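All remarks here apply to the structure that follows.
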Amino acid sequence: RDSINAEYGYIDDVREHILLGEQQFGLFEGVDWADLEKLYPQEFRFMKKMSTFKARFWARPPLGESRFDVCQRVHQAFGSFHRDATAHNIYDLVIVSHGITLRAFVMMWLHLHAEWFEAEPNPENCSIRLIEDCSDKGYIYNGKPYERASSDCAIII
């Protein structure tokens with residue numbers, strides 16, 4: 001968190017917002033995709049069915065969050081941003097988070113639909129997306145692919 005400011009001096013204030021955390025996958029957290037069907041057969045079939053019928057945005061992994069839940073949680077942070085902007089004359093924000101959370105932020109900030117969310121891929125690591133004057137200017141830096149050892153795969157539903 002301090003590396004950008006230490007190197008470039010662009011950041012005046014750094015805050016962590018608990019509502020901008022990664023999606024919680026509940027029982028599926030950290031389980032290899034290949035093992036899910038064996039460990040949680042009913043839950044796996046449900047999630048697969050939701051995905052097949054284009055409803056994974058609404059599907060909640062057992063003891064976890066749906067993408068809809070993440071959007072609601074992210075939207076709750078907007079009040080803090082607006083209050084801080086007014087109280088401290090803040091004009092620019094830099095949001096650093098995980099792919100699903102960032103997509104949720106863009107969707108809710110720009111009043112987009114769930115269909116947009118599902119069609120929009122997760123950004124590569126370190127990607128920079130510019131939103132200016134309530135308009136999505138797209139990625140101004142496309143980041144770099146994340147390489148993970150095959151035994152260290154996390155689930156993305």
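Residue numbering restarts at 1 in every chain; chains get A, B, ... in the order shown in the structure tokens, and ligands count up from 1 in that same order.
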
Where does DSSP see helix (DSSP H, G or I) in chain A, if you list the residues as an MDAnalysis selection string? chainID A and resid 3:8 18:20 26:28 33:39 41:52 67:76 78:88 99:109 114:119 150:152

Please provide the set of residues having any atom within 7 Å of Cys71 in chain A, restricted to only C-alpha atoms, with same-chain residues fewer than 3 positions apart removed, written as a ChimeraX atom specification. /A:67-68,74-75,104-105,108

Determine which residues of chain A DSSP labels as strand (DSSP E) from the backbone of this structure, then write them out as a PyMOL selection string. chain A and resi 128-132+135-141

Range 87-93 of chain A environment, 12 Å, only C-alpha atoms, sequence neighbours closer than 6 positions dropped, as a PyMOL selection string: chain A and resi 10-15+78+80-81+129-133

Would you put the residues from that selection into a file with N, CA, C and O atoms, as a PDB file, in the first residue's frame?
```
ATOM      1  N   TYR A  10       2.422  10.385  -5.280  1.00  0.00           N
ATOM      2  CA  TYR A  10       1.137  10.835  -5.810  1.00  0.00           C
ATOM      3  C   TYR A  10      -0.003  10.764  -4.807  1.00  0.00           C
ATOM      4  O   TYR A  10      -1.005  11.439  -4.958  1.00  0.00           O
ATOM      5  N   ILE A  11       0.111   9.927  -3.831  1.00  0.00           N
ATOM      6  CA  ILE A  11      -0.996   9.625  -2.939  1.00  0.00           C
ATOM      7  C   ILE A  11      -0.867  10.456  -1.661  1.00  0.00           C
ATOM      8  O   ILE A  11       0.142  10.407  -0.971  1.00  0.00           O
ATOM      9  N   ASP A  12      -1.920  11.217  -1.365  1.00  0.00           N
ATOM     10  CA  ASP A  12      -1.927  12.049  -0.159  1.00  0.00           C
ATOM     11  C   ASP A  12      -2.376  11.273   1.074  1.00  0.00           C
ATOM     12  O   ASP A  12      -1.927  11.527   2.177  1.00  0.00           O
ATOM     13  N   ASP A  13      -3.309  10.342   0.873  1.00  0.00           N
ATOM     14  CA  ASP A  13      -3.894   9.634   2.001  1.00  0.00           C
ATOM     15  C   ASP A  13      -4.241   8.210   1.549  1.00  0.00           C
ATOM     16  O   ASP A  13      -4.763   8.024   0.457  1.00  0.00           O
ATOM     17  N   VAL A  14      -3.947   7.230   2.375  1.00  0.00           N
ATOM     18  CA  VAL A  14      -4.253   5.842   2.057  1.00  0.00           C
ATOM     19  C   VAL A  14      -5.185   5.305   3.125  1.00  0.00           C
ATOM     20  O   VAL A  14      -4.908   5.439   4.320  1.00  0.00           O
ATOM     21  N   ARG A  15      -6.282   4.715   2.684  1.00  0.00           N
ATOM     22  CA  ARG A  15      -7.237   4.106   3.613  1.00  0.00           C
ATOM     23  C   ARG A  15      -7.659   2.761   3.075  1.00  0.00           C
ATOM     24  O   ARG A  15      -7.808   2.591   1.876  1.00  0.00           O
ATOM     25  N   PHE A  78     -19.798   3.586  -1.149  1.00  0.00           N
ATOM     26  CA  PHE A  78     -19.891   4.840  -1.891  1.00  0.00           C
ATOM     27  C   PHE A  78     -20.193   6.035  -0.990  1.00  0.00           C
ATOM     28  O   PHE A  78     -19.699   7.133  -1.225  1.00  0.00           O
ATOM     29  N   SER A  80     -19.113   6.578   1.996  1.00  0.00           N
ATOM     30  CA  SER A  80     -17.839   7.015   2.588  1.00  0.00           C
ATOM     31  C   SER A  80     -17.040   7.845   1.597  1.00  0.00           C
ATOM     32  O   SER A  80     -16.456   8.868   1.950  1.00  0.00           O
ATOM     33  N   PHE A  81     -17.016   7.396   0.332  1.00  0.00           N
ATOM     34  CA  PHE A  81     -16.266   8.135  -0.680  1.00  0.00           C
ATOM     35  C   PHE A  81     -16.845   9.533  -0.872  1.00  0.00           C
ATOM     36  O   PHE A  81     -16.105  10.515  -0.943  1.00  0.00           O
ATOM     37  N   ARG A 129      -7.822   1.024 -14.789  1.00  0.00           N
ATOM     38  CA  ARG A 129      -9.019   1.421 -15.527  1.00  0.00           C
ATOM     39  C   ARG A 129      -9.367   2.840 -15.112  1.00  0.00           C
ATOM     40  O   ARG A 129      -9.396   3.163 -13.939  1.00  0.00           O
ATOM     41  N   LEU A 130      -9.652   3.669 -16.087  1.00  0.00           N
ATOM     42  CA  LEU A 130      -9.948   5.068 -15.820  1.00  0.00           C
ATOM     43  C   LEU A 130     -11.441   5.329 -15.954  1.00  0.00           C
ATOM     44  O   LEU A 130     -12.041   5.032 -16.975  1.00  0.00           O
ATOM     45  N   ILE A 131     -12.017   5.874 -14.900  1.00  0.00           N
ATOM     46  CA  ILE A 131     -13.384   6.378 -14.945  1.00  0.00           C
ATOM     47  C   ILE A 131     -13.281   7.870 -14.700  1.00  0.00           C
ATOM     48  O   ILE A 131     -12.772   8.306 -13.665  1.00  0.00           O
ATOM     49  N   GLU A 132     -13.746   8.639 -15.660  1.00  0.00           N
ATOM     50  CA  GLU A 132     -13.607  10.091 -15.598  1.00  0.00           C
ATOM     51  C   GLU A 132     -14.932  10.730 -15.970  1.00  0.00           C
ATOM     52  O   GLU A 132     -15.527  10.380 -16.990  1.00  0.00           O
ATOM     53  N   ASP A 133     -15.389  11.670 -15.147  1.00  0.00           N
ATOM     54  CA  ASP A 133     -16.650  12.358 -15.405  1.00  0.00           C
ATOM     55  C   ASP A 133     -17.791  11.369 -15.641  1.00  0.00           C
ATOM     56  O   ASP A 133     -18.570  11.500 -16.582  1.00  0.00           O
TER      57      ASP A 133
END
```

Using only C-alpha atoms for the distances, tell me which of A:Val94, A:Leu20, A:Cys126, A:Val31 is nearest to Gln72 in chain A.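 Closest candidate: A:Leu20.
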
Can you pull out the residues contacting Asn122 in chain A? Cut-off 9 Å, using only C-alpha atoms, and skip same-chain residues under 6 positions away; I want them as a PDB file with all heavy atoms, in the first residue's frame.
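Written output follows (part_39.pdb):
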```pdb
ATOM      1  N   HIS A  98      -9.574  -6.674  -5.848  1.00  0.00           N
ATOM      2  CA  HIS A  98      -9.594  -7.894  -6.646  1.00  0.00           C
ATOM      3  C   HIS A  98     -10.551  -7.740  -7.824  1.00  0.00           C
ATOM      4  O   HIS A  98     -11.423  -6.870  -7.832  1.00  0.00           O
ATOM      5  CB  HIS A  98     -10.020  -9.073  -5.768  1.00  0.00           C
ATOM      6  CG  HIS A  98      -9.064  -9.336  -4.659  1.00  0.00           C
ATOM      7  ND1 HIS A  98      -7.977 -10.158  -4.801  1.00  0.00           N
ATOM      8  CD2 HIS A  98      -9.018  -8.870  -3.385  1.00  0.00           C
ATOM      9  CE1 HIS A  98      -7.310 -10.196  -3.677  1.00  0.00           C
ATOM     10  NE2 HIS A  98      -7.912  -9.423  -2.791  1.00  0.00           N
ATOM     11  N   GLY A  99     -10.408  -8.625  -8.823  1.00  0.00           N
ATOM     12  CA  GLY A  99     -11.144  -8.514 -10.084  1.00  0.00           C
ATOM     13  C   GLY A  99     -12.648  -8.435  -9.957  1.00  0.00           C
ATOM     14  O   GLY A  99     -13.284  -7.539 -10.519  1.00  0.00           O
ATOM     15  N   ILE A 100     -13.262  -9.355  -9.222  1.00  0.00           N
ATOM     16  CA  ILE A 100     -14.723  -9.335  -9.091  1.00  0.00           C
ATOM     17  C   ILE A 100     -15.161  -8.084  -8.353  1.00  0.00           C
ATOM     18  O   ILE A 100     -16.141  -7.445  -8.725  1.00  0.00           O
ATOM     19  CB  ILE A 100     -15.225 -10.623  -8.413  1.00  0.00           C
ATOM     20  CG1 ILE A 100     -15.084 -11.787  -9.396  1.00  0.00           C
ATOM     21  CG2 ILE A 100     -16.662 -10.487  -7.939  1.00  0.00           C
ATOM     22  CD1 ILE A 100     -15.452 -13.137  -8.841  1.00  0.00           C
ATOM     23  N   LEU A 102     -13.591  -5.194  -8.279  1.00  0.00           N
ATOM     24  CA  LEU A 102     -13.416  -4.043  -9.175  1.00  0.00           C
ATOM     25  C   LEU A 102     -14.527  -3.981 -10.219  1.00  0.00           C
ATOM     26  O   LEU A 102     -15.041  -2.908 -10.533  1.00  0.00           O
ATOM     27  CB  LEU A 102     -12.048  -4.082  -9.844  1.00  0.00           C
ATOM     28  CG  LEU A 102     -10.873  -3.813  -8.906  1.00  0.00           C
ATOM     29  CD1 LEU A 102      -9.560  -4.082  -9.603  1.00  0.00           C
ATOM     30  CD2 LEU A 102     -10.921  -2.398  -8.365  1.00  0.00           C
ATOM     31  N   ARG A 103     -14.910  -5.136 -10.761  1.00  0.00           N
ATOM     32  CA  ARG A 103     -16.029  -5.158 -11.709  1.00  0.00           C
ATOM     33  C   ARG A 103     -17.312  -4.704 -11.021  1.00  0.00           C
ATOM     34  O   ARG A 103     -18.118  -3.978 -11.609  1.00  0.00           O
ATOM     35  CB  ARG A 103     -16.199  -6.561 -12.295  1.00  0.00           C
ATOM     36  CG  ARG A 103     -15.129  -6.867 -13.318  1.00  0.00           C
ATOM     37  CD  ARG A 103     -15.044  -8.321 -13.701  1.00  0.00           C
ATOM     38  NE  ARG A 103     -16.302  -8.988 -13.940  1.00  0.00           N
ATOM     39  CZ  ARG A 103     -16.476 -10.295 -13.735  1.00  0.00           C
ATOM     40  NH1 ARG A 103     -15.496 -11.052 -13.296  1.00  0.00           N
ATOM     41  NH2 ARG A 103     -17.633 -10.853 -13.995  1.00  0.00           N
TER      42      ARG A 103
END
```

A:Arg45, A:His17, A:Arg73, A:Lys54: which is nearest Ala114 in chain A, counting only C-alpha atoms?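 Comparing A:Arg45, A:His17, A:Arg73, A:Lys54 against Ala114 in chain A, the winner is A:Lys54.
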
Can you work out the spacing between CA of Met107 in chain A and CA of Glu120 in chain A in Å, to one decimal?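 Computing it gives 9.8 Å between the two atoms.
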
Give me the residues within 9 Å of Ser127 in chain A as a PyMOL selection string, counting only C-alpha atoms and dropping any in the same chain fewer than 2 places off. chain A and resi 123-125+129+139-144

Residue neighbourhood range 35-39 of chain A, 10 Å, only C-alpha atoms, exclusion window fewer than 5 positions, as a PyMOL selection string: chain A and resi 27-28+44-45+48+155

Can I get the selected residues back with C-alpha atoms, as a compact mmCIF listing (two decimals), in the first residue's frame?
```
# COMPACT_ATOMS: atom_id res chain seq x y z
CA LEU A 27 -17.03 -23.81 1.51
CA PHE A 28 -15.48 -23.53 -1.96
CA PHE A 44 -21.40 -28.17 -7.08
CA ARG A 45 -24.39 -29.29 -9.19
CA LYS A 48 -23.02 -25.55 -12.30
CA ILE A 155 -11.94 -21.30 -7.87
```
